file model_30.pdb (PDB, C-alpha atoms)
MODEL        1
ATOM      1  CA  MET A 959      52.913  15.283  42.022
ATOM      2  CA  ALA A 960      53.264  17.183  38.783
ATOM      3  CA  LYS A 961      51.115  16.174  35.888
ATOM      4  CA  HIS A 962      52.735  14.134  33.147
ATOM      5  CA  HIS A 963      50.971  13.520  29.865
ATOM      6  CA  GLY A 964      52.905  11.321  27.472
ATOM      7  CA  HIS A 965      51.768  10.543  23.959
ATOM      8  CA  SER A 966      52.997   7.335  22.416
ATOM      9  CA  HIS A 967      52.219   6.585  18.796
ATOM     10  CA  GLY A 968      52.929   2.904  18.442
ATOM     11  CA  HIS A 969      52.765   0.243  15.785
ATOM     12  CA  ALA A 970      52.498  -3.487  16.036
ATOM     13  CA  GLY A 971      53.920  -3.930  12.577
ATOM     14  CA  GLU A 972      54.878  -1.359   9.934
ATOM     15  CA  HIS A 973      52.309   1.390   9.517
ATOM     16  CA  GLY A 974      50.440   1.213   6.240
ATOM     17  CA  HIS A 975      52.152  -1.976   5.143
ATOM     18  CA  ASN A 976      50.579  -4.612   7.344
ATOM     19  CA  HIS A 977      48.167  -6.700   5.304
ATOM     20  CA  ASP A 978      45.798  -9.477   6.200
ATOM     21  CA  LEU A 979      47.611 -11.994   4.081
ATOM     22  CA  ALA A 980      51.207 -12.733   3.245
ATOM     23  CA  PRO A 981      52.186 -11.389  -0.208
ATOM     24  CA  GLU A 982      52.291 -14.897  -1.676
ATOM     25  CA  ASP A 983      48.807 -15.704  -0.327
ATOM     26  CA  GLY A 984      47.530 -12.357  -1.583
ATOM     27  CA  SER A 985      48.844 -13.043  -5.088
ATOM     28  CA  ARG A 986      47.228 -16.480  -5.126
ATOM     29  CA  ASN A 987      43.919 -14.984  -4.049
ATOM     30  CA  GLU A 988      44.219 -12.382  -6.818
ATOM     31  CA  ARG A 989      44.687 -15.131  -9.395
ATOM     32  CA  ARG A 990      41.748 -17.080  -7.959
ATOM     33  CA  LEU A 991      39.512 -14.021  -8.170
ATOM     34  CA  LEU A 992      40.552 -13.264 -11.749
ATOM     35  CA  PHE A 993      39.998 -16.877 -12.833
ATOM     36  CA  ALA A 994      36.622 -16.966 -11.095
ATOM     37  CA  ALA A 995      35.641 -13.681 -12.775
ATOM     38  CA  ALA A 996      36.490 -15.082 -16.222
ATOM     39  CA  LEU A 997      34.473 -18.278 -15.614
ATOM     40  CA  THR A 998      31.511 -16.340 -14.226
ATOM     41  CA  THR A 999      31.477 -13.907 -17.157
ATOM     42  CA  CYS A1000      31.448 -16.710 -19.723
ATOM     43  CA  THR A1001      28.657 -18.521 -17.891
ATOM     44  CA  MET A1002      26.668 -15.321 -17.551
ATOM     45  CA  LEU A1003      26.790 -14.747 -21.316
ATOM     46  CA  ALA A1004      25.672 -18.338 -21.923
ATOM     47  CA  GLU A1005      22.738 -17.937 -19.510
ATOM     48  CA  VAL A1006      21.645 -14.667 -21.139
ATOM     49  CA  ILE A1007      21.586 -16.375 -24.545
ATOM     50  CA  GLY A1008      19.841 -19.443 -23.110
ATOM     51  CA  GLY A1009      17.323 -17.310 -21.211
ATOM     52  CA  VAL A1010      16.397 -15.331 -24.324
ATOM     53  CA  ILE A1011      16.063 -18.480 -26.464
ATOM     54  CA  SER A1012      14.070 -20.465 -23.904
ATOM     55  CA  GLY A1013      12.109 -17.553 -22.454
ATOM     56  CA  SER A1014      13.158 -18.562 -18.932
ATOM     57  CA  LEU A1015      13.108 -15.837 -16.297
ATOM     58  CA  ALA A1016      14.917 -18.151 -13.883
ATOM     59  CA  LEU A1017      17.860 -18.310 -16.282
ATOM     60  CA  LEU A1018      17.778 -14.555 -16.868
ATOM     61  CA  ALA A1019      17.528 -13.978 -13.118
ATOM     62  CA  ASP A1020      20.551 -16.177 -12.516
ATOM     63  CA  ALA A1021      22.361 -14.420 -15.374
ATOM     64  CA  GLY A1022      21.563 -11.067 -13.779
ATOM     65  CA  HIS A1023      22.949 -12.341 -10.515
ATOM     66  CA  MET A1024      26.046 -13.619 -12.290
ATOM     67  CA  LEU A1025      26.487 -10.228 -13.949
ATOM     68  CA  THR A1026      26.782  -8.642 -10.521
ATOM     69  CA  ASP A1027      29.017 -11.534  -9.459
ATOM     70  CA  SER A1028      31.338 -10.969 -12.396
ATOM     71  CA  ALA A1029      31.536  -7.246 -11.632
ATOM     72  CA  ALA A1030      32.010  -8.059  -7.940
ATOM     73  CA  LEU A1031      34.873 -10.450  -8.644
ATOM     74  CA  ILE A1032      36.608  -7.976 -10.950
ATOM     75  CA  LEU A1033      36.154  -5.192  -8.396
ATOM     76  CA  ALA A1034      37.456  -7.466  -5.644
ATOM     77  CA  TRP A1035      40.484  -8.301  -7.765
ATOM     78  CA  MET A1036      41.170  -4.610  -8.400
ATOM     79  CA  ALA A1037      40.689  -3.823  -4.706
ATOM     80  CA  MET A1038      43.187  -6.483  -3.691
ATOM     81  CA  ARG A1039      45.760  -5.002  -6.053
ATOM     82  CA  PHE A1040      45.122  -1.464  -4.823
ATOM     83  CA  ALA A1041      45.363  -2.572  -1.193
ATOM     84  CA  ARG A1042      48.986  -3.620  -1.786
ATOM     85  CA  ARG A1043      49.998  -0.079  -2.695
ATOM     86  CA  PRO A1044      52.101   1.635  -0.004
ATOM     87  CA  ALA A1045      50.844   4.485   2.151
ATOM     88  CA  ASP A1046      51.675   8.053   1.152
ATOM     89  CA  TRP A1047      51.381  11.508   2.723
ATOM     90  CA  LYS A1048      47.745  11.854   1.663
ATOM     91  CA  ARG A1049      46.626   8.307   2.511
ATOM     92  CA  THR A1050      48.685   7.640   5.624
ATOM     93  CA  PHE A1051      46.913   4.339   6.299
ATOM     94  CA  GLY A1052      47.349   3.128   2.734
ATOM     95  CA  PHE A1053      44.637   1.746   0.446
ATOM     96  CA  GLY A1054      43.244  -1.086   2.571
ATOM     97  CA  ARG A1055      39.808   0.549   2.734
ATOM     98  CA  PHE A1056      39.440   0.117  -1.040
ATOM     99  CA  GLU A1057      38.629  -3.551  -0.432
ATOM    100  CA  VAL A1058      35.912  -2.585   2.053
ATOM    101  CA  LEU A1059      34.447  -0.046  -0.380
ATOM    102  CA  ALA A1060      34.425  -2.709  -3.093
ATOM    103  CA  ALA A1061      32.563  -5.150  -0.855
ATOM    104  CA  PHE A1062      30.026  -2.469   0.151
ATOM    105  CA  SER A1063      29.440  -1.527  -3.506
ATOM    106  CA  ASN A1064      28.930  -5.189  -4.379
ATOM    107  CA  GLY A1065      26.301  -5.527  -1.674
ATOM    108  CA  LEU A1066      24.362  -2.479  -2.908
ATOM    109  CA  ALA A1067      24.472  -3.821  -6.479
ATOM    110  CA  LEU A1068      22.946  -7.093  -5.263
ATOM    111  CA  PHE A1069      20.000  -5.238  -3.708
ATOM    112  CA  PHE A1070      19.397  -3.410  -6.991
ATOM    113  CA  ILE A1071      19.416  -6.542  -9.166
ATOM    114  CA  SER A1072      17.164  -8.319  -6.633
ATOM    115  CA  ALA A1073      14.524  -5.614  -6.973
ATOM    116  CA  MET A1074      14.601  -5.912 -10.784
ATOM    117  CA  ILE A1075      14.226  -9.706 -10.726
ATOM    118  CA  PHE A1076      11.424  -9.599  -8.155
ATOM    119  CA  TYR A1077       9.469  -7.049 -10.209
ATOM    120  CA  GLU A1078       9.773  -9.113 -13.387
ATOM    121  CA  ALA A1079       8.796 -12.311 -11.526
ATOM    122  CA  LEU A1080       5.592 -10.705 -10.242
ATOM    123  CA  HIS A1081       4.793  -9.496 -13.760
ATOM    124  CA  ARG A1082       5.227 -13.013 -15.197
ATOM    125  CA  MET A1083       3.032 -14.565 -12.541
ATOM    126  CA  TYR A1084       0.146 -12.463 -13.836
ATOM    127  CA  GLU A1085       1.114 -12.734 -17.503
ATOM    128  CA  PRO A1086       2.798 -16.140 -18.081
ATOM    129  CA  VAL A1087       5.035 -16.612 -21.116
ATOM    130  CA  GLU A1088       6.114 -19.770 -22.922
ATOM    131  CA  VAL A1089       9.254 -21.371 -21.529
ATOM    132  CA  LEU A1090      11.314 -23.973 -23.428
ATOM    133  CA  GLY A1091      12.370 -26.544 -20.866
ATOM    134  CA  MET A1092      15.170 -28.369 -22.706
ATOM    135  CA  PRO A1093      17.380 -25.343 -23.618
ATOM    136  CA  MET A1094      16.796 -24.039 -20.112
ATOM    137  CA  LEU A1095      17.891 -27.364 -18.604
ATOM    138  CA  ILE A1096      21.075 -27.554 -20.710
ATOM    139  CA  ILE A1097      22.215 -23.997 -19.943
ATOM    140  CA  ALA A1098      21.357 -24.317 -16.246
ATOM    141  CA  GLY A1099      23.363 -27.554 -16.090
ATOM    142  CA  ILE A1100      26.394 -25.821 -17.612
ATOM    143  CA  GLY A1101      25.959 -22.985 -15.141
ATOM    144  CA  LEU A1102      25.877 -25.404 -12.219
ATOM    145  CA  ALA A1103      29.110 -27.089 -13.348
ATOM    146  CA  VAL A1104      30.948 -23.779 -13.784
ATOM    147  CA  ASN A1105      29.682 -22.455 -10.463
ATOM    148  CA  ALA A1106      30.918 -25.600  -8.739
ATOM    149  CA  ILE A1107      34.382 -25.144 -10.271
ATOM    150  CA  THR A1108      34.418 -21.451  -9.288
ATOM    151  CA  PHE A1109      33.415 -22.310  -5.723
ATOM    152  CA  LEU A1110      36.249 -24.846  -5.405
ATOM    153  CA  VAL A1111      38.778 -22.320  -6.759
ATOM    154  CA  LEU A1112      37.758 -19.592  -4.322
ATOM    155  CA  HIS A1113      37.269 -21.975  -1.399
ATOM    156  CA  GLN A1114      40.981 -22.812  -1.560
ATOM    157  CA  GLY A1115      41.629 -19.199  -0.527
ATOM    158  CA  GLY A1116      40.336 -20.069   2.919
ATOM    159  CA  GLY A1117      37.968 -17.097   3.185
ATOM    160  CA  ALA A1118      40.569 -15.051   5.075
ATOM    161  CA  ASN A1119      39.659 -11.879   3.206
ATOM    162  CA  LEU A1120      36.371  -9.953   3.118
ATOM    163  CA  ASN A1121      36.354  -9.806  -0.685
ATOM    164  CA  VAL A1122      37.068 -13.526  -1.026
ATOM    165  CA  ARG A1123      34.256 -14.321   1.417
ATOM    166  CA  ALA A1124      31.938 -11.933  -0.432
ATOM    167  CA  ALA A1125      32.824 -13.689  -3.688
ATOM    168  CA  LEU A1126      32.114 -17.067  -2.076
ATOM    169  CA  LEU A1127      28.683 -15.829  -0.976
ATOM    170  CA  HIS A1128      27.973 -14.775  -4.549
ATOM    171  CA  VAL A1129      29.056 -18.129  -5.929
ATOM    172  CA  ILE A1130      27.062 -20.116  -3.356
ATOM    173  CA  SER A1131      23.964 -18.136  -4.330
ATOM    174  CA  ASP A1132      24.782 -18.863  -7.982
ATOM    175  CA  LEU A1133      25.030 -22.571  -7.237
ATOM    176  CA  LEU A1134      21.629 -22.570  -5.584
ATOM    177  CA  GLY A1135      20.248 -20.413  -8.396
ATOM    178  CA  SER A1136      21.430 -22.928 -10.983
ATOM    179  CA  VAL A1137      19.837 -25.743  -8.986
ATOM    180  CA  ALA A1138      16.578 -23.761  -8.920
ATOM    181  CA  ALA A1139      16.723 -23.230 -12.695
ATOM    182  CA  ILE A1140      17.362 -26.945 -13.288
ATOM    183  CA  LEU A1141      14.438 -27.849 -11.041
ATOM    184  CA  ALA A1142      12.177 -25.409 -12.889
ATOM    185  CA  ALA A1143      13.255 -26.835 -16.261
ATOM    186  CA  ILE A1144      12.519 -30.404 -15.171
ATOM    187  CA  ILE A1145       9.073 -29.439 -13.847
ATOM    188  CA  ILE A1146       8.255 -27.577 -17.071
ATOM    189  CA  LEU A1147       9.430 -30.497 -19.225
ATOM    190  CA  TYR A1148       7.310 -33.055 -17.365
ATOM    191  CA  THR A1149       4.247 -30.999 -16.394
ATOM    192  CA  GLY A1150       4.271 -27.898 -18.608
ATOM    193  CA  TRP A1151       3.560 -25.769 -15.505
ATOM    194  CA  THR A1152       5.423 -22.538 -16.412
ATOM    195  CA  PRO A1153       4.581 -20.527 -13.220
ATOM    196  CA  ILE A1154       7.310 -22.526 -11.493
ATOM    197  CA  ASP A1155       9.824 -20.393 -13.413
ATOM    198  CA  PRO A1156       8.940 -17.009 -11.814
ATOM    199  CA  ILE A1157       8.296 -18.708  -8.451
ATOM    200  CA  LEU A1158      11.826 -20.098  -8.344
ATOM    201  CA  SER A1159      13.107 -16.745  -9.616
ATOM    202  CA  VAL A1160      11.729 -15.222  -6.416
ATOM    203  CA  VAL A1161      13.591 -17.905  -4.457
ATOM    204  CA  ILE A1162      16.799 -16.901  -6.240
ATOM    205  CA  THR A1163      16.058 -13.255  -5.396
ATOM    206  CA  LEU A1164      15.761 -14.092  -1.703
ATOM    207  CA  LEU A1165      19.154 -15.789  -1.857
ATOM    208  CA  ILE A1166      20.628 -12.696  -3.488
ATOM    209  CA  VAL A1167      19.114 -10.423  -0.825
ATOM    210  CA  ARG A1168      20.589 -12.584   1.923
ATOM    211  CA  SER A1169      24.053 -12.320   0.362
ATOM    212  CA  ALA A1170      23.627  -8.575  -0.116
ATOM    213  CA  TRP A1171      22.658  -8.089   3.520
ATOM    214  CA  LEU A1172      25.621 -10.056   4.874
ATOM    215  CA  ILE A1173      28.103  -8.168   2.690
ATOM    216  CA  THR A1174      26.749  -4.651   3.267
ATOM    217  CA  LYS A1175      26.316  -5.245   6.995
ATOM    218  CA  GLU A1176      29.947  -6.250   7.532
ATOM    219  CA  SER A1177      31.528  -3.730   5.168
ATOM    220  CA  GLY A1178      29.190  -0.939   6.329
ATOM    221  CA  HIS A1179      30.173  -1.597   9.945
ATOM    222  CA  ILE A1180      33.828  -1.109   9.021
ATOM    223  CA  LEU A1181      33.105   2.063   7.034
ATOM    224  CA  LEU A1182      31.170   3.474  10.004
ATOM    225  CA  GLN A1183      34.292   3.003  12.181
ATOM    226  CA  GLY A1184      32.500   0.383  14.262
ATOM    227  CA  ALA A1185      34.462  -1.648  16.773
ATOM    228  CA  PRO A1186      35.662  -4.992  15.355
ATOM    229  CA  ASP A1187      33.552  -8.001  16.323
ATOM    230  CA  SER A1188      36.576  -9.536  18.046
ATOM    231  CA  ILE A1189      37.045  -6.522  20.347
ATOM    232  CA  ASP A1190      34.759  -5.551  23.209
ATOM    233  CA  VAL A1191      36.031  -2.119  24.240
ATOM    234  CA  ARG A1192      34.328  -2.576  27.608
ATOM    235  CA  GLU A1193      36.766  -5.401  28.367
ATOM    236  CA  VAL A1194      39.922  -3.650  27.152
ATOM    237  CA  SER A1195      40.329  -1.510  30.292
ATOM    238  CA  GLN A1196      39.945  -4.473  32.636
ATOM    239  CA  ASP A1197      42.285  -6.625  30.575
ATOM    240  CA  LEU A1198      45.081  -4.042  30.448
ATOM    241  CA  VAL A1199      44.829  -3.234  34.173
ATOM    242  CA  ALA A1200      44.948  -6.944  34.989
ATOM    243  CA  ASN A1201      47.760  -7.911  32.614
ATOM    244  CA  VAL A1202      50.046  -4.869  32.191
ATOM    245  CA  PRO A1203      52.091  -3.944  35.300
ATOM    246  CA  ASN A1204      51.874  -0.353  36.600
ATOM    247  CA  VAL A1205      48.679   0.457  34.697
ATOM    248  CA  GLN A1206      46.079   1.837  37.137
ATOM    249  CA  SER A1207      43.226   2.583  34.784
ATOM    250  CA  VAL A1208      42.430   2.848  31.081
ATOM    251  CA  HIS A1209      39.860   5.163  29.518
ATOM    252  CA  HIS A1210      39.013   6.990  26.269
ATOM    253  CA  VAL A1211      39.193   3.655  24.428
ATOM    254  CA  HIS A1212      38.297   3.791  20.740
ATOM    255  CA  ALA A1213      38.644   0.841  18.353
ATOM    256  CA  TRP A1214      37.946   0.496  14.643
ATOM    257  CA  SER A1215      39.263  -1.280  11.539
ATOM    258  CA  LEU A1216      41.147  -0.011   8.511
ATOM    259  CA  SER A1217      40.181  -3.168   6.656
ATOM    260  CA  GLU A1218      38.715  -6.450   7.784
ATOM    261  CA  ASN A1219      41.662  -7.685   9.872
ATOM    262  CA  ARG A1220      43.672  -4.487  10.449
ATOM    263  CA  HIS A1221      42.392  -3.244  13.797
ATOM    264  CA  VAL A1222      43.296   0.157  15.231
ATOM    265  CA  MET A1223      42.925   1.540  18.745
ATOM    266  CA  THR A1224      43.496   4.747  20.709
ATOM    267  CA  LEU A1225      43.374   4.978  24.512
ATOM    268  CA  HIS A1226      44.559   6.813  27.619
ATOM    269  CA  ALA A1227      46.402   4.853  30.317
ATOM    270  CA  LEU A1228      46.949   6.147  33.855
ATOM    271  CA  THR A1229      50.019   4.917  35.727
ATOM    272  CA  CYS A1230      51.291   5.879  39.179
ATOM    273  CA  ALA A1231      54.683   4.260  38.894
ATOM    274  CA  SER A1232      57.887   6.073  38.027
ATOM    275  CA  VAL A1233      58.313   3.844  34.995
ATOM    276  CA  PRO A1234      59.269   5.473  31.665
ATOM    277  CA  PRO A1235      56.111   6.016  29.593
ATOM    278  CA  GLU A1236      57.762   4.412  26.569
ATOM    279  CA  GLN A1237      58.167   1.165  28.502
ATOM    280  CA  ILE A1238      54.530   1.113  29.624
ATOM    281  CA  SER A1239      53.155   1.988  26.172
ATOM    282  CA  ALA A1240      55.296  -0.764  24.620
ATOM    283  CA  ALA A1241      53.843  -3.277  27.090
ATOM    284  CA  ILE A1242      50.306  -2.066  26.341
ATOM    285  CA  ARG A1243      50.852  -2.345  22.584
ATOM    286  CA  GLU A1244      52.148  -5.881  22.927
ATOM    287  CA  ARG A1245      49.155  -6.878  25.036
ATOM    288  CA  LEU A1246      46.737  -5.276  22.554
ATOM    289  CA  LYS A1247      48.388  -7.185  19.721
ATOM    290  CA  GLN A1248      48.304 -10.539  21.517
ATOM    291  CA  ALA A1249      44.853 -10.311  23.130
ATOM    292  CA  PHE A1250      42.891  -8.239  20.607
ATOM    293  CA  GLY A1251      44.792  -8.408  17.294
ATOM    294  CA  VAL A1252      45.401  -4.639  17.189
ATOM    295  CA  VAL A1253      48.023  -3.754  14.557
ATOM    296  CA  HIS A1254      48.226  -0.020  15.283
ATOM    297  CA  ALA A1255      47.792   1.730  18.631
ATOM    298  CA  THR A1256      48.043   5.352  19.738
ATOM    299  CA  ILE A1257      48.468   5.526  23.521
ATOM    300  CA  GLU A1258      48.502   8.530  25.844
ATOM    301  CA  ILE A1259      50.277   7.868  29.134
ATOM    302  CA  GLU A1260      49.115   9.892  32.138
ATOM    303  CA  HIS A1261      50.819  10.193  35.545
ATOM    304  CA  SER A1262      48.123  12.319  37.147
ATOM    305  CA  ASP A1263      44.678  13.506  36.047
ATOM    306  CA  CYS A1264      43.369  12.946  32.541
ATOM    307  CA  ALA A1265      43.728  16.054  30.429
ATOM    308  CA  ASP A1266      40.412  15.389  28.675
ATOM    309  CA  VAL A1267      38.075  13.963  31.320
ATOM    310  CA  VAL A1268      37.283  15.491  34.699
ATOM    311  CA  GLY A1269      37.010  12.893  37.392
ATOM    312  CA  ALA A1270      39.261  10.267  35.844
ATOM    313  CA  LYS A1271      40.951   8.075  38.398
ATOM    314  CA  SER A1272      43.999   9.856  39.818
ATOM    315  CA  CYS A1273      47.091   8.512  41.502
ATOM    316  CA  ALA A1274      47.198   8.478  45.271
ATOM    317  CA  LYS A1275      49.801  10.980  46.394
ATOM    318  CA  VAL A1276      52.487   9.650  48.651
TER
ENDMDL
END
call {"tool": "encode", "arguments": {"input": "model_30.pdb", "output": "C-alpha cells"}}
result
Amino acid sequence: MAKHHGHSHGHAGEHGHNHDLAPEDGSRNERRLLFAAALTTCTMLAEVIGGVISGSLALLADAGHMLTDSAALILAWMAMRFARRPADWKRTFGFGRFEVLAAFSNGLALFFISAMIFYEALHRMYEPVEVLGMPMLIIAGIGLAVNAITFLVLHQGGGANLNVRAALLHVISDLLGSVAAILAAIIILYTGWTPIDPILSVVITLLIVRSAWLITKESGHILLQGAPDSIDVREVSQDLVANVPNVQSVHHVHAWSLSENRHVMTLHALTCASVPPEQISAAIRERLKQAFGVVHATIEIEHSDCADVVGAKSCAKV
C-alpha cells in the first residue's frame, strides 16, 4: 500500500473569533468589572486616608491590597475588551491571551505587595506605634460594606472567565481583610493592645499570597502551553480509537489553551480504511469538541507509517 499523509486543519467554530462567553455576557462582565474597579478605587482611597489618620497598618495593608485589586480589575476590564478584537495576519489566534497575561501580572503584583506588608508588620511588632481604634473601625466598616457590594456584582458573572474569577479572589481577600481590620479596631478600643494590628496584617498578607498563588498557577500553566485540566492527553488516543470509526491509532497528541476555555489540539491519526481523510478528520474534530471541549484542531491523517515516528502502528496489508 502506498503511503498517504493527509493534513487537515480543522475548526470547531470560527478561528480567532470563538470566545468563552457570548457577546452579551462578555459586555455585562465588562460593565461589572468597571463598576467593581470604581468602587474598589474609592474604598482604597478612603482606607489610605483612614490608615494615615489612625496609624493602622491593618488599614494600610488592606488599602495596599485594594490598590492591586483596583489595578487588577482595570487590567481585567481592558483585557476583556482586547480579547474581543478579531484575529489578524500577525496574531492569527487573536488577542485571547491578553486576558491570561493580565491575570498572570495581577498574581505577580499580589506577591510584591504581600512582601511589603509583611516587612512593615514585622517592623511594627518590634517598634509599636499608636493606633486610633475608632477611625480605624469606621473606615474598615465602610470597606467591608463596599467589598460586599463588589463581591455581589462580580458573583453575578458566574465566574466563567479567568479574569472574573481572579477579581472574585481579590474581593474575597478584601472582605476578609476588612473583617480583620474591624476585629483589630475592636480589640484596640477595648484593650488598647496595639500589636493585634500588625498580627492581623500578617493574616491579611497570607490571604493575599494564597490569592496570588492560585492566579499565577492557573495563568502560568496556560502561558507555558500546559494541557488543560479537563484534558488528559493519555486518554485522547483511546477515546478516539473507541469512538471514531476507521481510526486505528492516534499519536503525536499535543493540547494547550489559547485562553482559559479555548482549547487547541494537534494529533496524527492512522486509518486503514479507504475512507476520505476529510471525512475521518471531520469525525475526529466533532468528537474532540464533544468529549474534550477542543475549539480548534489540526489533524494529520495517515494511511500507512507515520512520517515523524519510526515504529508507529502500521496498517495490515491485505
call {"tool": "residues_near_point", "arguments": {"input": "model_30.pdb", "point": "(44.8, -3.8, 20.0)", "cutoff": "8 Å", "atoms": "only C-alpha atoms", "output": "PyMOL selection string"}}
result
chain A and resi 1213+1221-1223+1243+1245-1255
call {"tool": "closest_residue", "arguments": {"input": "model_30.pdb", "among": "A:Thr1108, A:Thr1050, A:Thr1152, A:Ser1169", "to": "Leu1127 in chain A", "atoms": "all atoms listed in the file"}}
result
A:Ser1169
call {"tool": "resolve_selection", "arguments": {"input": "model_30.pdb", "expression": "the PyMOL selection byres ((chain A and resi 988) around 9)", "output": "list in words"}}
result
Asp983, Gly984, Ser985, Arg986, Asn987, Arg989, Arg990, Leu991, Leu992, Phe993, Ala1034, Trp1035, Met1036, Met1038 and Arg1039 of chain A
call {"tool": "resolve_selection", "arguments": {"input": "model_30.pdb", "expression": "the PyMOL selection byres ((chain A and resi 1192) around 12)", "output": "number ranges by chain"}}
result
A: 1185, 1189-1191, 1193-1198, 1208-1213
call {"tool": "write_last_selection", "arguments": {"input": "model_30.pdb", "atoms": "C-alpha atoms", "output": "compact mmCIF listing (two decimals), keeping the file's coordinate frame"}}
result
# COMPACT_ATOMS: atom_id res chain seq x y z
CA ALA A 1185 34.46 -1.65 16.77
CA ILE A 1189 37.04 -6.52 20.35
CA ASP A 1190 34.76 -5.55 23.21
CA VAL A 1191 36.03 -2.12 24.24
CA GLU A 1193 36.77 -5.40 28.37
CA VAL A 1194 39.92 -3.65 27.15
CA SER A 1195 40.33 -1.51 30.29
CA GLN A 1196 39.94 -4.47 32.64
CA ASP A 1197 42.28 -6.62 30.58
CA LEU A 1198 45.08 -4.04 30.45
CA VAL A 1208 42.43 2.85 31.08
CA HIS A 1209 39.86 5.16 29.52
CA HIS A 1210 39.01 6.99 26.27
CA VAL A 1211 39.19 3.66 24.43
CA HIS A 1212 38.30 3.79 20.74
CA ALA A 1213 38.64 0.84 18.35
call {"tool": "residues_around", "arguments": {"input": "model_30.pdb", "residues": "Leu1164 in chain A", "least_positions_apart": "5", "cutoff": "9 Å", "atoms": "all atoms listed in the file", "output": "PyMOL selection string"}}
result
chain A and resi 1072+1076+1159+1169
call {"tool": "residues_around", "arguments": {"input": "model_30.pdb", "residues": "Ala995 in chain A", "least_positions_apart": "5", "cutoff": "10 Å", "atoms": "all atoms listed in the file", "output": "PyMOL selection string"}}
result
chain A and resi 989-990+1000-1001+1024-1025+1027-1035+1108+1125
call {"tool": "decode", "arguments": {"input": "model_30.pdb", "residues": "range 1208-1213 of chain A", "atoms": "all heavy atoms", "output": "PDB file, in the first residue's frame"}}
result
ATOM      1  N   VAL A1208      -3.883   6.706  17.377  1.00  0.00           N
ATOM      2  CA  VAL A1208      -3.684   8.155  17.440  1.00  0.00           C
ATOM      3  C   VAL A1208      -2.393   8.412  18.215  1.00  0.00           C
ATOM      4  O   VAL A1208      -2.148   7.794  19.247  1.00  0.00           O
ATOM      5  CB  VAL A1208      -4.869   8.856  18.141  1.00  0.00           C
ATOM      6  CG1 VAL A1208      -4.584  10.346  18.330  1.00  0.00           C
ATOM      7  CG2 VAL A1208      -6.146   8.657  17.349  1.00  0.00           C
ATOM      8  N   HIS A1209      -1.552   9.294  17.699  1.00  0.00           N
ATOM      9  CA  HIS A1209      -0.295   9.596  18.357  1.00  0.00           C
ATOM     10  C   HIS A1209       0.076  11.051  18.090  1.00  0.00           C
ATOM     11  O   HIS A1209      -0.675  11.773  17.446  1.00  0.00           O
ATOM     12  CB  HIS A1209       0.830   8.655  17.877  1.00  0.00           C
ATOM     13  CG  HIS A1209       0.906   8.524  16.390  1.00  0.00           C
ATOM     14  ND1 HIS A1209       0.096   7.651  15.685  1.00  0.00           N
ATOM     15  CD2 HIS A1209       1.662   9.153  15.470  1.00  0.00           C
ATOM     16  CE1 HIS A1209       0.362   7.747  14.394  1.00  0.00           C
ATOM     17  NE2 HIS A1209       1.305   8.662  14.228  1.00  0.00           N
ATOM     18  N   HIS A1210       1.239  11.475  18.611  1.00  0.00           N
ATOM     19  CA  HIS A1210       1.667  12.875  18.482  1.00  0.00           C
ATOM     20  C   HIS A1210       0.573  13.836  18.949  1.00  0.00           C
ATOM     21  O   HIS A1210       0.261  14.827  18.284  1.00  0.00           O
ATOM     22  CB  HIS A1210       2.044  13.195  17.033  1.00  0.00           C
ATOM     23  CG  HIS A1210       3.477  12.910  16.718  1.00  0.00           C
ATOM     24  ND1 HIS A1210       4.294  12.212  17.563  1.00  0.00           N
ATOM     25  CD2 HIS A1210       4.242  13.241  15.645  1.00  0.00           C
ATOM     26  CE1 HIS A1210       5.488  12.109  17.034  1.00  0.00           C
ATOM     27  NE2 HIS A1210       5.501  12.726  15.874  1.00  0.00           N
ATOM     28  N   VAL A1211      -0.027  13.549  20.098  1.00  0.00           N
ATOM     29  CA  VAL A1211      -1.114  14.375  20.618  1.00  0.00           C
ATOM     30  C   VAL A1211      -0.529  15.515  21.451  1.00  0.00           C
ATOM     31  O   VAL A1211       0.245  15.286  22.376  1.00  0.00           O
ATOM     32  CB  VAL A1211      -2.083  13.539  21.485  1.00  0.00           C
ATOM     33  CG1 VAL A1211      -3.209  14.423  22.008  1.00  0.00           C
ATOM     34  CG2 VAL A1211      -2.639  12.368  20.685  1.00  0.00           C
ATOM     35  N   HIS A1212      -0.896  16.725  21.099  1.00  0.00           N
ATOM     36  CA  HIS A1212      -0.479  17.909  21.855  1.00  0.00           C
ATOM     37  C   HIS A1212      -1.721  18.760  22.112  1.00  0.00           C
ATOM     38  O   HIS A1212      -2.502  19.023  21.197  1.00  0.00           O
ATOM     39  CB  HIS A1212       0.555  18.738  21.088  1.00  0.00           C
ATOM     40  CG  HIS A1212       1.818  17.981  20.800  1.00  0.00           C
ATOM     41  ND1 HIS A1212       2.814  17.819  21.725  1.00  0.00           N
ATOM     42  CD2 HIS A1212       2.223  17.328  19.678  1.00  0.00           C
ATOM     43  CE1 HIS A1212       3.799  17.111  21.203  1.00  0.00           C
ATOM     44  NE2 HIS A1212       3.455  16.788  19.955  1.00  0.00           N
ATOM     45  N   ALA A1213      -1.887  19.197  23.359  1.00  0.00           N
ATOM     46  CA  ALA A1213      -3.052  20.009  23.723  1.00  0.00           C
ATOM     47  C   ALA A1213      -2.599  21.195  24.559  1.00  0.00           C
ATOM     48  O   ALA A1213      -1.715  21.069  25.408  1.00  0.00           O
ATOM     49  CB  ALA A1213      -4.076  19.176  24.504  1.00  0.00           C
TER      50      ALA A1213
END
